[in-house]
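The block underneath contains the structure these notes are about, expressed in structure tokens.
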Amino acid sequence: MGGNKFIVFVMYIALLVAFLGLISMIFDLHRFAFYLEFLILLVLFLIGIIAAIGISHNMRWAWILLALFFGFVFLNMIFIKAITTANINYFMHLIVVAVAGFFISLFSIEKEKVEAAEEETVTKIFTPGKYIASKTGTKFHSPKCDWGKKVKKINAVWFNTKEEAKEAGYKADDCIR
Ligand SMILES: [Zn+2]
């Protein structure tokens with residue numbers, strides 16, 4: 001997760017640069033373009049804040065939102081160049097940050113997807129339930145208990161609650177508190 005935290009930090013900086021760049025840029029605009037960009041900035045600000053909170057919690061949707069954010073910032077720059085005479089060369093760094101942010105977000109969407117899939121596989125293979133019993137035994141155990149570990153896969157019966165295990169006729173081992 002260390003690498004992930006670094007990417008999140010980099011993205012916070014990218015968001016900050018994007019916001020500061022956009023704010024300083026809209027004051028170069030006039031009337032119609034200014035009001036329109038002011039509205040766009042408010043929307044982007046909301047999206048950026050939600051995405052920033054989401055990515056710090058490893059949420060995949062937040063990376064999708066962030067990719068949309070940077071993609072939109074980029075398109076917005078093209079739009080501004082089209083509708084105004086403002087010199088966007090001065091804001092080249094904004095375009096660079098938007099493109100870099102977009103691709104890092106795309107990469108992170110895929111990474112979160114792979115990690116989520118791996119987590120699911122691990123859970124299914126190693127702990128299909130919270131408690132384990134043997135078809136040939138009389139007690140149910142924690143999977144971490146020495147007896148629980150000795151249960152052969154072919155004889156294993158899994159339960160998610162103590163009640164389920166008791167209803168199936170098993171008694172709690174000492175390892176179950
Ligand atoms: Zn036990």
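Identifiers for the structure tokens are assigned positionally: chains receive A, B, ... in sequence, residues are indexed from 1 per chain, and ligands are indexed from 1 in the order shown.
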Close residues, A:Val17 itself excluded, 12 Å, only C-alpha atoms, min 2 positions apart in chain, as number ranges by chain: A: 10-15, 19-25, 48, 70, 73, 91-98, 101
Ligand 1 neighbours within 7 Å using only C-alpha atoms and all ligand atoms, as a PyMOL selection string: chain A and resi 140-142+145-148+173-176
Since we have the selection now, will you write its residues out, keeping C-alpha atoms, as a PDB file, in the first residue's frame?
ATOM      1  CA  PHE A 140     -16.172 -26.545  15.650  1.00  0.00           C
ATOM      2  CA  HIS A 141     -13.052 -24.384  15.642  1.00  0.00           C
ATOM      3  CA  SER A 142     -11.546 -21.102  14.588  1.00  0.00           C
ATOM      4  CA  CYS A 145      -6.756 -23.032  15.935  1.00  0.00           C
ATOM      5  CA  ASP A 146      -4.348 -25.991  15.678  1.00  0.00           C
ATOM      6  CA  TRP A 147      -7.255 -28.421  15.461  1.00  0.00           C
ATOM      7  CA  GLY A 148      -9.015 -26.214  12.942  1.00  0.00           C
ATOM      8  CA  ASP A 173     -14.010 -25.920  21.002  1.00  0.00           C
ATOM      9  CA  ASP A 174     -11.972 -24.073  23.643  1.00  0.00           C
ATOM     10  CA  CYS A 175     -10.521 -21.909  20.853  1.00  0.00           C
ATOM     11  CA  ILE A 176     -13.954 -20.275  20.420  1.00  0.00           C
TER      12      ILE A 176
END
Using backbone DSSP assignments, extract all alpha helix (DSSP H) residues from stretch 37-171 of chain A; output them as an mmCIF file with N, CA, C and O atoms, in the first residue's frame.
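Saved the output as out-v3.cif:
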data_model
loop_
_atom_site.group_PDB
_atom_site.id
_atom_site.type_symbol
_atom_site.label_atom_id
_atom_site.label_comp_id
_atom_site.auth_asym_id
_atom_site.auth_seq_id
_atom_site.Cartn_x
_atom_site.Cartn_y
_atom_site.Cartn_z
ATOM 1 N N GLU A 37 -16.911 29.734 -17.070
ATOM 2 C CA GLU A 37 -15.778 29.041 -16.453
ATOM 3 C C GLU A 37 -15.884 29.017 -14.932
ATOM 4 O O GLU A 37 -15.419 28.101 -14.280
ATOM 5 N N PHE A 38 -16.519 30.049 -14.388
ATOM 6 C CA PHE A 38 -16.701 30.093 -12.938
ATOM 7 C C PHE A 38 -17.615 28.935 -12.506
ATOM 8 O O PHE A 38 -17.334 28.229 -11.533
ATOM 9 N N LEU A 39 -18.683 28.704 -13.260
ATOM 10 C CA LEU A 39 -19.598 27.589 -12.992
ATOM 11 C C LEU A 39 -18.876 26.250 -13.140
ATOM 12 O O LEU A 39 -18.992 25.365 -12.291
ATOM 13 N N ILE A 40 -18.132 26.123 -14.231
ATOM 14 C CA ILE A 40 -17.381 24.886 -14.482
ATOM 15 C C ILE A 40 -16.409 24.626 -13.338
ATOM 16 O O ILE A 40 -16.268 23.506 -12.860
ATOM 17 N N LEU A 41 -15.769 25.698 -12.875
ATOM 18 C CA LEU A 41 -14.805 25.563 -11.777
ATOM 19 C C LEU A 41 -15.493 25.053 -10.513
ATOM 20 O O LEU A 41 -14.949 24.190 -9.813
ATOM 21 N N LEU A 42 -16.701 25.557 -10.217
ATOM 22 C CA LEU A 42 -17.435 25.101 -9.033
ATOM 23 C C LEU A 42 -17.733 23.602 -9.125
ATOM 24 O O LEU A 42 -17.532 22.855 -8.168
ATOM 25 N N VAL A 43 -18.186 23.173 -10.298
ATOM 26 C CA VAL A 43 -18.490 21.752 -10.515
ATOM 27 C C VAL A 43 -17.218 20.912 -10.359
ATOM 28 O O VAL A 43 -17.203 19.892 -9.665
ATOM 29 N N LEU A 44 -16.140 21.376 -10.991
ATOM 30 C CA LEU A 44 -14.863 20.659 -10.909
ATOM 31 C C LEU A 44 -14.370 20.581 -9.469
ATOM 32 O O LEU A 44 -13.814 19.572 -9.037
ATOM 33 N N PHE A 45 -14.598 21.662 -8.726
ATOM 34 C CA PHE A 45 -14.151 21.705 -7.336
ATOM 35 C C PHE A 45 -14.860 20.617 -6.525
ATOM 36 O O PHE A 45 -14.233 19.867 -5.783
ATOM 37 N N LEU A 46 -16.178 20.505 -6.723
ATOM 38 C CA LEU A 46 -16.957 19.476 -6.031
ATOM 39 C C LEU A 46 -16.468 18.075 -6.391
ATOM 40 O O LEU A 46 -16.214 17.241 -5.516
ATOM 41 N N ILE A 47 -16.333 17.826 -7.706
ATOM 42 C CA ILE A 47 -15.876 16.513 -8.179
ATOM 43 C C ILE A 47 -14.489 16.199 -7.605
ATOM 44 O O ILE A 47 -14.239 15.100 -7.121
ATOM 45 N N GLY A 48 -13.612 17.214 -7.632
ATOM 46 C CA GLY A 48 -12.241 17.029 -7.142
ATOM 47 C C GLY A 48 -12.205 16.670 -5.664
ATOM 48 O O GLY A 48 -11.470 15.777 -5.249
ATOM 49 N N ILE A 49 -13.035 17.350 -4.857
ATOM 50 C CA ILE A 49 -13.058 17.095 -3.412
ATOM 51 C C ILE A 49 -13.555 15.669 -3.140
ATOM 52 O O ILE A 49 -12.961 14.920 -2.350
ATOM 53 N N ILE A 50 -14.651 15.277 -3.812
ATOM 54 C CA ILE A 50 -15.209 13.936 -3.608
ATOM 55 C C ILE A 50 -14.192 12.869 -4.018
ATOM 56 O O ILE A 50 -13.953 11.901 -3.294
ATOM 57 N N ALA A 51 -13.550 13.084 -5.170
ATOM 58 C CA ALA A 51 -12.549 12.124 -5.652
ATOM 59 C C ALA A 51 -11.366 12.049 -4.687
ATOM 60 O O ALA A 51 -10.863 10.965 -4.390
ATOM 61 N N ALA A 52 -10.936 13.214 -4.167
ATOM 62 C CA ALA A 52 -9.785 13.248 -3.253
ATOM 63 C C ALA A 52 -10.070 12.434 -1.990
ATOM 64 O O ALA A 52 -9.213 11.696 -1.507
ATOM 65 N N ILE A 53 -11.297 12.551 -1.472
ATOM 66 C CA ILE A 53 -11.657 11.783 -0.279
ATOM 67 C C ILE A 53 -11.702 10.298 -0.621
ATOM 68 O O ILE A 53 -11.166 9.460 0.099
ATOM 69 N N GLY A 54 -12.301 9.989 -1.770
ATOM 70 C CA GLY A 54 -12.436 8.592 -2.201
ATOM 71 C C GLY A 54 -11.113 7.888 -2.410
ATOM 72 O O GLY A 54 -10.931 6.755 -1.954
ATOM 73 N N ILE A 55 -10.152 8.548 -3.073
ATOM 74 C CA ILE A 55 -8.888 7.853 -3.363
ATOM 75 C C ILE A 55 -8.076 7.607 -2.094
ATOM 76 O O ILE A 55 -7.306 6.662 -2.034
ATOM 77 N N SER A 56 -8.272 8.437 -1.063
ATOM 78 C CA SER A 56 -7.532 8.184 0.184
ATOM 79 C C SER A 56 -8.101 6.951 0.894
ATOM 80 O O SER A 56 -7.465 6.396 1.785
ATOM 81 N N ARG A 60 -12.352 2.497 -5.817
ATOM 82 C CA ARG A 60 -12.123 2.428 -7.258
ATOM 83 C C ARG A 60 -12.915 3.513 -7.982
ATOM 84 O O ARG A 60 -12.422 4.119 -8.923
ATOM 85 N N TRP A 61 -14.149 3.760 -7.536
ATOM 86 C CA TRP A 61 -14.982 4.777 -8.209
ATOM 87 C C TRP A 61 -14.333 6.154 -8.156
ATOM 88 O O TRP A 61 -14.516 6.980 -9.044
ATOM 89 N N ALA A 62 -13.556 6.405 -7.086
ATOM 90 C CA ALA A 62 -12.915 7.711 -6.931
ATOM 91 C C ALA A 62 -11.864 7.920 -8.022
ATOM 92 O O ALA A 62 -11.679 9.037 -8.513
ATOM 93 N N TRP A 63 -11.183 6.832 -8.415
ATOM 94 C CA TRP A 63 -10.180 6.945 -9.489
ATOM 95 C C TRP A 63 -10.876 7.189 -10.823
ATOM 96 O O TRP A 63 -10.359 7.905 -11.674
ATOM 97 N N ILE A 64 -12.054 6.598 -10.999
ATOM 98 C CA ILE A 64 -12.831 6.833 -12.223
ATOM 99 C C ILE A 64 -13.232 8.313 -12.266
ATOM 100 O O ILE A 64 -13.086 8.984 -13.284
ATOM 101 N N LEU A 65 -13.686 8.808 -11.108
ATOM 102 C CA LEU A 65 -14.083 10.214 -10.993
ATOM 103 C C LEU A 65 -12.897 11.130 -11.282
ATOM 104 O O LEU A 65 -13.030 12.151 -11.962
ATOM 105 N N LEU A 66 -11.740 10.745 -10.775
ATOM 106 C CA LEU A 66 -10.542 11.559 -10.961
ATOM 107 C C LEU A 66 -10.099 11.565 -12.431
ATOM 108 O O LEU A 66 -9.665 12.603 -12.949
ATOM 109 N N ALA A 67 -10.218 10.412 -13.081
ATOM 110 C CA ALA A 67 -9.891 10.338 -14.515
ATOM 111 C C ALA A 67 -10.821 11.274 -15.286
ATOM 112 O O ALA A 67 -10.376 12.013 -16.177
ATOM 113 N N LEU A 68 -12.111 11.268 -14.921
ATOM 114 C CA LEU A 68 -13.081 12.164 -15.558
ATOM 115 C C LEU A 68 -12.714 13.618 -15.282
ATOM 116 O O LEU A 68 -12.772 14.471 -16.171
ATOM 117 N N PHE A 69 -12.303 13.886 -14.047
ATOM 118 C CA PHE A 69 -11.918 15.242 -13.655
ATOM 119 C C PHE A 69 -10.792 15.777 -14.547
ATOM 120 O O PHE A 69 -10.913 16.835 -15.158
ATOM 121 N N PHE A 70 -9.702 15.016 -14.631
ATOM 122 C CA PHE A 70 -8.554 15.489 -15.418
ATOM 123 C C PHE A 70 -8.869 15.509 -16.913
ATOM 124 O O PHE A 70 -8.411 16.405 -17.638
ATOM 125 N N GLY A 71 -9.658 14.537 -17.365
ATOM 126 C CA GLY A 71 -10.077 14.530 -18.765
ATOM 127 C C GLY A 71 -10.865 15.794 -19.085
ATOM 128 O O GLY A 71 -10.664 16.433 -20.122
ATOM 129 N N PHE A 72 -11.731 16.170 -18.134
ATOM 130 C CA PHE A 72 -12.568 17.343 -18.322
ATOM 131 C C PHE A 72 -11.736 18.625 -18.269
ATOM 132 O O PHE A 72 -11.978 19.561 -19.041
ATOM 133 N N VAL A 73 -10.767 18.663 -17.355
ATOM 134 C CA VAL A 73 -9.880 19.836 -17.273
ATOM 135 C C VAL A 73 -9.171 20.029 -18.609
ATOM 136 O O VAL A 73 -9.076 21.145 -19.133
ATOM 137 N N PHE A 74 -8.715 18.923 -19.185
ATOM 138 C CA PHE A 74 -8.014 18.988 -20.477
ATOM 139 C C PHE A 74 -8.934 19.521 -21.579
ATOM 140 O O PHE A 74 -8.577 20.450 -22.307
ATOM 141 N N LEU A 75 -10.149 18.930 -21.668
ATOM 142 C CA LEU A 75 -11.103 19.362 -22.687
ATOM 143 C C LEU A 75 -11.470 20.843 -22.499
ATOM 144 O O LEU A 75 -11.626 21.585 -23.462
ATOM 145 N N ASN A 76 -11.561 21.230 -21.228
ATOM 146 C CA ASN A 76 -11.906 22.609 -20.911
ATOM 147 C C ASN A 76 -10.833 23.588 -21.421
ATOM 148 O O ASN A 76 -11.142 24.680 -21.886
ATOM 149 N N MET A 77 -9.579 23.156 -21.345
ATOM 150 C CA MET A 77 -8.483 24.001 -21.846
ATOM 151 C C MET A 77 -8.621 24.195 -23.347
ATOM 152 O O MET A 77 -8.428 25.301 -23.865
ATOM 153 N N ILE A 78 -8.938 23.105 -24.043
ATOM 154 C CA ILE A 78 -9.130 23.173 -25.500
ATOM 155 C C ILE A 78 -10.302 24.115 -25.799
ATOM 156 O O ILE A 78 -10.242 24.949 -26.709
ATOM 157 N N PHE A 79 -11.359 23.966 -24.984
ATOM 158 C CA PHE A 79 -12.561 24.790 -25.144
ATOM 159 C C PHE A 79 -12.227 26.280 -24.974
ATOM 160 O O PHE A 79 -12.625 27.120 -25.781
ATOM 161 N N ILE A 80 -11.482 26.590 -23.932
ATOM 162 C CA ILE A 80 -11.120 27.989 -23.670
ATOM 163 C C ILE A 80 -10.316 28.565 -24.833
ATOM 164 O O ILE A 80 -10.531 29.690 -25.259
ATOM 165 N N LYS A 81 -9.425 27.736 -25.353
ATOM 166 C CA LYS A 81 -8.610 28.209 -26.476
ATOM 167 C C LYS A 81 -9.511 28.521 -27.677
ATOM 168 O O LYS A 81 -9.278 29.477 -28.413
ATOM 169 N N ALA A 82 -10.557 27.700 -27.831
ATOM 170 C CA ALA A 82 -11.464 27.864 -28.972
ATOM 171 C C ALA A 82 -12.336 29.106 -28.843
ATOM 172 O O ALA A 82 -12.594 29.786 -29.831
ATOM 173 N N ILE A 83 -12.823 29.400 -27.618
ATOM 174 C CA ILE A 83 -13.796 30.494 -27.493
ATOM 175 C C ILE A 83 -13.186 31.848 -27.130
ATOM 176 O O ILE A 83 -13.865 32.858 -27.188
ATOM 177 N N MET A 92 0.324 26.096 -19.942
ATOM 178 C CA MET A 92 0.756 24.797 -20.456
ATOM 179 C C MET A 92 0.882 23.763 -19.336
ATOM 180 O O MET A 92 0.538 22.599 -19.522
ATOM 181 N N HIS A 93 1.374 24.204 -18.178
ATOM 182 C CA HIS A 93 1.568 23.260 -17.072
ATOM 183 C C HIS A 93 0.234 22.616 -16.669
ATOM 184 O O HIS A 93 0.177 21.483 -16.241
ATOM 185 N N LEU A 94 -0.851 23.385 -16.848
ATOM 186 C CA LEU A 94 -2.178 22.879 -16.512
ATOM 187 C C LEU A 94 -2.549 21.711 -17.439
ATOM 188 O O LEU A 94 -3.116 20.701 -17.003
ATOM 189 N N ILE A 95 -2.211 21.856 -18.716
ATOM 190 C CA ILE A 95 -2.493 20.800 -19.692
ATOM 191 C C ILE A 95 -1.650 19.567 -19.372
ATOM 192 O O ILE A 95 -2.147 18.439 -19.381
ATOM 193 N N VAL A 96 -0.378 19.795 -19.046
ATOM 194 C CA VAL A 96 0.513 18.680 -18.714
ATOM 195 C C VAL A 96 -0.018 17.935 -17.489
ATOM 196 O O VAL A 96 -0.111 16.699 -17.475
ATOM 197 N N VAL A 97 -0.402 18.688 -16.443
ATOM 198 C CA VAL A 97 -0.930 18.070 -15.212
ATOM 199 C C VAL A 97 -2.213 17.299 -15.515
ATOM 200 O O VAL A 97 -2.415 16.191 -15.026
ATOM 201 N N ALA A 98 -3.089 17.884 -16.358
ATOM 202 C CA ALA A 98 -4.357 17.226 -16.688
ATOM 203 C C ALA A 98 -4.115 15.901 -17.403
ATOM 204 O O ALA A 98 -4.718 14.882 -17.061
ATOM 205 N N VAL A 99 -3.199 15.902 -18.381
ATOM 206 C CA VAL A 99 -2.929 14.677 -19.144
ATOM 207 C C VAL A 99 -2.279 13.622 -18.241
ATOM 208 O O VAL A 99 -2.697 12.460 -18.217
ATOM 209 N N ALA A 100 -1.277 14.051 -17.436
ATOM 210 C CA ALA A 100 -0.604 13.112 -16.532
ATOM 211 C C ALA A 100 -1.604 12.561 -15.513
ATOM 212 O O ALA A 100 -1.653 11.347 -15.273
ATOM 213 N N GLY A 101 -2.417 13.443 -14.934
ATOM 214 C CA GLY A 101 -3.409 13.027 -13.942
ATOM 215 C C GLY A 101 -4.394 12.043 -14.527
ATOM 216 O O GLY A 101 -4.764 11.060 -13.892
ATOM 217 N N PHE A 102 -4.772 12.277 -15.775
ATOM 218 C CA PHE A 102 -5.732 11.397 -16.448
ATOM 219 C C PHE A 102 -5.160 9.991 -16.582
ATOM 220 O O PHE A 102 -5.819 9.003 -16.231
ATOM 221 N N PHE A 103 -3.923 9.883 -17.035
ATOM 222 C CA PHE A 103 -3.354 8.553 -17.256
ATOM 223 C C PHE A 103 -3.012 7.838 -15.943
ATOM 224 O O PHE A 103 -3.182 6.623 -15.835
ATOM 225 N N ILE A 104 -2.559 8.578 -14.939
ATOM 226 C CA ILE A 104 -2.289 7.959 -13.638
ATOM 227 C C ILE A 104 -3.595 7.424 -13.049
ATOM 228 O O ILE A 104 -3.641 6.331 -12.477
ATOM 229 N N SER A 105 -4.691 8.171 -13.213
ATOM 230 C CA SER A 105 -5.991 7.726 -12.708
ATOM 231 C C SER A 105 -6.441 6.453 -13.424
ATOM 232 O O SER A 105 -6.890 5.502 -12.793
ATOM 233 N N LEU A 106 -6.278 6.431 -14.750
ATOM 234 C CA LEU A 106 -6.657 5.233 -15.519
ATOM 235 C C LEU A 106 -5.880 4.023 -15.025
ATOM 236 O O LEU A 106 -6.438 2.948 -14.809
ATOM 237 N N PHE A 107 -4.589 4.216 -14.825
ATOM 238 C CA PHE A 107 -3.715 3.147 -14.340
ATOM 239 C C PHE A 107 -4.198 2.664 -12.969
ATOM 240 O O PHE A 107 -4.254 1.465 -12.698
ATOM 241 N N SER A 108 -4.582 3.604 -12.097
ATOM 242 C CA SER A 108 -5.024 3.254 -10.756
ATOM 243 C C SER A 108 -6.378 2.547 -10.755
ATOM 244 O O SER A 108 -6.641 1.705 -9.897
ATOM 245 N N ILE A 109 -7.236 2.873 -11.719
ATOM 246 C CA ILE A 109 -8.532 2.182 -11.826
ATOM 247 C C ILE A 109 -8.266 0.696 -12.051
ATOM 248 O O ILE A 109 -8.831 -0.163 -11.390
ATOM 249 N N GLU A 110 -7.346 0.396 -12.984
ATOM 250 C CA GLU A 110 -7.023 -0.998 -13.298
ATOM 251 C C GLU A 110 -6.388 -1.693 -12.100
ATOM 252 O O GLU A 110 -6.697 -2.828 -11.797
ATOM 253 N N LYS A 111 -5.515 -0.967 -11.402
ATOM 254 C CA LYS A 111 -4.800 -1.533 -10.265
ATOM 255 C C LYS A 111 -5.790 -1.905 -9.155
ATOM 256 O O LYS A 111 -5.704 -2.986 -8.569
ATOM 257 N N GLU A 112 -6.738 -1.003 -8.867
ATOM 258 C CA GLU A 112 -7.745 -1.272 -7.835
ATOM 259 C C GLU A 112 -8.580 -2.487 -8.216
ATOM 260 O O GLU A 112 -8.949 -3.286 -7.369
ATOM 261 N N LYS A 113 -8.856 -2.621 -9.517
ATOM 262 C CA LYS A 113 -9.668 -3.734 -10.003
ATOM 263 C C LYS A 113 -8.947 -5.057 -9.726
ATOM 264 O O LYS A 113 -9.537 -5.993 -9.215
ATOM 265 N N VAL A 114 -7.643 -5.097 -10.069
ATOM 266 C CA VAL A 114 -6.852 -6.309 -9.870
ATOM 267 C C VAL A 114 -6.766 -6.634 -8.380
ATOM 268 O O VAL A 114 -6.972 -7.777 -7.971
ATOM 269 N N GLU A 115 -6.513 -5.603 -7.549
ATOM 270 C CA GLU A 115 -6.385 -5.846 -6.106
ATOM 271 C C GLU A 115 -7.688 -6.350 -5.500
ATOM 272 O O GLU A 115 -7.683 -7.241 -4.649
ATOM 273 N N ALA A 116 -8.812 -5.801 -5.953
ATOM 274 C CA ALA A 116 -10.109 -6.241 -5.436
ATOM 275 C C ALA A 116 -10.349 -7.696 -5.811
ATOM 276 O O ALA A 116 -10.825 -8.487 -4.996
ATOM 277 N N ALA A 117 -9.980 -8.067 -7.035
ATOM 278 C CA ALA A 117 -10.175 -9.441 -7.498
ATOM 279 C C ALA A 117 -9.296 -10.396 -6.698
ATOM 280 O O ALA A 117 -9.730 -11.485 -6.309
ATOM 281 N N GLU A 118 -8.053 -9.985 -6.430
ATOM 282 C CA GLU A 118 -7.143 -10.829 -5.650
ATOM 283 C C GLU A 118 -7.672 -11.055 -4.234
ATOM 284 O O GLU A 118 -7.648 -12.160 -3.726
ATOM 285 N N GLU A 119 -8.156 -9.985 -3.613
ATOM 286 C CA GLU A 119 -8.694 -10.078 -2.256
ATOM 287 C C GLU A 119 -9.843 -11.079 -2.203
ATOM 288 O O GLU A 119 -9.923 -11.895 -1.300
ATOM 289 N N GLU A 120 -10.692 -11.021 -3.214
ATOM 290 C CA GLU A 120 -11.849 -11.902 -3.268
ATOM 291 C C GLU A 120 -11.403 -13.355 -3.359
ATOM 292 O O GLU A 120 -11.932 -14.211 -2.668
ATOM 293 N N THR A 121 -10.409 -13.624 -4.208
ATOM 294 C CA THR A 121 -9.917 -14.981 -4.386
ATOM 295 C C THR A 121 -9.357 -15.518 -3.077
ATOM 296 O O THR A 121 -9.657 -16.637 -2.676
ATOM 297 N N VAL A 122 -8.543 -14.698 -2.405
ATOM 298 C CA VAL A 122 -7.923 -15.128 -1.155
ATOM 299 C C VAL A 122 -8.996 -15.493 -0.129
ATOM 300 O O VAL A 122 -8.927 -16.528 0.517
ATOM 301 N N THR A 123 -10.027 -14.651 -0.018
ATOM 302 C CA THR A 123 -11.092 -14.910 0.948
ATOM 303 C C THR A 123 -11.791 -16.227 0.631
ATOM 304 O O THR A 123 -12.061 -17.023 1.520
ATOM 305 N N LYS A 124 -12.035 -16.454 -0.664
ATOM 306 C CA LYS A 124 -12.765 -17.663 -1.047
ATOM 307 C C LYS A 124 -11.947 -18.914 -0.786
ATOM 308 O O LYS A 124 -12.472 -19.922 -0.348
ATOM 309 N N ILE A 125 -10.650 -18.851 -1.048
ATOM 310 C CA ILE A 125 -9.831 -20.048 -0.909
ATOM 311 C C ILE A 125 -9.582 -20.385 0.560
ATOM 312 O O ILE A 125 -9.743 -21.517 0.978
ATOM 313 N N PHE A 126 -9.201 -19.375 1.352
ATOM 314 C CA PHE A 126 -8.715 -19.687 2.689
ATOM 315 C C PHE A 126 -9.770 -19.626 3.786
ATOM 316 O O PHE A 126 -9.695 -20.377 4.738
ATOM 317 N N ASP A 146 -5.140 -24.852 16.155
ATOM 318 C CA ASP A 146 -4.348 -25.991 15.678
ATOM 319 C C ASP A 146 -5.237 -27.124 15.173
ATOM 320 O O ASP A 146 -4.932 -27.775 14.183
ATOM 321 N N TRP A 147 -6.337 -27.359 15.892
ATOM 322 C CA TRP A 147 -7.255 -28.421 15.461
ATOM 323 C C TRP A 147 -7.979 -28.009 14.193
ATOM 324 O O TRP A 147 -8.205 -28.828 13.304
ATOM 325 N N GLY A 148 -8.336 -26.735 14.136
ATOM 326 C CA GLY A 148 -9.015 -26.214 12.942
ATOM 327 C C GLY A 148 -8.154 -26.387 11.700
ATOM 328 O O GLY A 148 -8.644 -26.734 10.631
ATOM 329 N N LYS A 149 -6.837 -26.156 11.875
ATOM 330 C CA LYS A 149 -5.914 -26.274 10.740
ATOM 331 C C LYS A 149 -5.768 -27.715 10.267
ATOM 332 O O LYS A 149 -5.431 -27.981 9.116
ATOM 333 N N LYS A 150 -5.988 -28.662 11.217
ATOM 334 C CA LYS A 150 -5.773 -30.073 10.875
ATOM 335 C C LYS A 150 -6.948 -30.692 10.103
ATOM 336 O O LYS A 150 -6.825 -31.785 9.567
ATOM 337 N N LYS A 162 -21.662 -18.945 15.032
ATOM 338 C CA LYS A 162 -21.619 -20.024 16.020
ATOM 339 C C LYS A 162 -22.947 -20.770 16.044
ATOM 340 O O LYS A 162 -22.994 -21.989 16.223
ATOM 341 N N GLU A 163 -24.039 -19.991 15.885
ATOM 342 C CA GLU A 163 -25.382 -20.581 15.929
ATOM 343 C C GLU A 163 -25.548 -21.639 14.846
ATOM 344 O O GLU A 163 -26.070 -22.723 15.098
ATOM 345 N N GLU A 164 -25.072 -21.293 13.629
ATOM 346 C CA GLU A 164 -25.170 -22.246 12.508
ATOM 347 C C GLU A 164 -24.450 -23.539 12.851
ATOM 348 O O GLU A 164 -24.950 -24.635 12.587
ATOM 349 N N ALA A 165 -23.263 -23.386 13.448
ATOM 350 C CA ALA A 165 -22.459 -24.565 13.784
ATOM 351 C C ALA A 165 -23.155 -25.416 14.842
ATOM 352 O O ALA A 165 -23.176 -26.651 14.753
ATOM 353 N N LYS A 166 -23.745 -24.732 15.841
ATOM 354 C CA LYS A 166 -24.431 -25.461 16.914
ATOM 355 C C LYS A 166 -25.670 -26.179 16.385
ATOM 356 O O LYS A 166 -25.955 -27.318 16.756
ATOM 357 N N GLU A 167 -26.384 -25.498 15.484
ATOM 358 C CA GLU A 167 -27.572 -26.112 14.893
ATOM 359 C C GLU A 167 -27.211 -27.361 14.103
ATOM 360 O O GLU A 167 -28.004 -28.299 14.012
#
Within stretch 53-174 of chain A, find each residue whose DSSP state, derived from the backbone, is strand (DSSP E), and express the selection as a compact mmCIF listing (two decimals) with N, CA, C and O atoms, in the first residue's frame.
# COMPACT_ATOMS: atom_id res chain seq x y z
N TYR A 131 -15.98 -20.17 10.95
CA TYR A 131 -15.71 -21.33 11.79
C TYR A 131 -15.61 -22.59 10.95
O TYR A 131 -16.28 -22.71 9.93
N ILE A 132 -14.76 -23.51 11.41
CA ILE A 132 -14.57 -24.75 10.65
C ILE A 132 -14.82 -25.96 11.56
O ILE A 132 -14.48 -25.94 12.75
N ALA A 133 -15.44 -26.99 10.99
CA ALA A 133 -15.63 -28.25 11.71
C ALA A 133 -15.31 -29.38 10.74
O ALA A 133 -15.21 -29.16 9.54
N SER A 134 -15.12 -30.56 11.30
CA SER A 134 -14.87 -31.72 10.44
C SER A 134 -16.13 -32.59 10.42
O SER A 134 -16.82 -32.72 11.43
N LYS A 139 -16.64 -31.10 17.30
CA LYS A 139 -16.47 -29.71 17.71
C LYS A 139 -16.19 -28.80 16.52
O LYS A 139 -15.65 -29.25 15.51
N PHE A 140 -16.55 -27.52 16.69
CA PHE A 140 -16.17 -26.55 15.65
C PHE A 140 -15.11 -25.60 16.19
O PHE A 140 -15.03 -25.35 17.39
N HIS A 141 -14.27 -25.13 15.28
CA HIS A 141 -13.05 -24.38 15.64
C HIS A 141 -12.92 -23.08 14.86
O HIS A 141 -13.55 -22.91 13.82
N ALA A 156 -13.99 -30.76 5.53
CA ALA A 156 -14.28 -29.46 6.14
C ALA A 156 -15.73 -29.01 5.92
O ALA A 156 -16.29 -29.17 4.84
N VAL A 157 -16.30 -28.49 7.02
CA VAL A 157 -17.62 -27.87 6.95
C VAL A 157 -17.44 -26.46 7.50
O VAL A 157 -16.87 -26.28 8.58
N TRP A 158 -17.90 -25.45 6.75
CA TRP A 158 -17.70 -24.06 7.17
C TRP A 158 -19.00 -23.44 7.67
O TRP A 158 -20.07 -23.71 7.14
N PHE A 159 -18.86 -22.57 8.69
CA PHE A 159 -20.01 -21.84 9.20
C PHE A 159 -19.65 -20.37 9.35
O PHE A 159 -18.52 -20.04 9.68
N LYS A 171 -20.23 -28.78 18.89
CA LYS A 171 -20.00 -28.00 20.11
C LYS A 171 -18.80 -27.10 19.89
O LYS A 171 -17.89 -27.45 19.13
N ALA A 172 -18.78 -25.94 20.58
CA ALA A 172 -17.66 -25.01 20.44
C ALA A 172 -16.41 -25.58 21.11
O ALA A 172 -16.47 -26.07 22.23
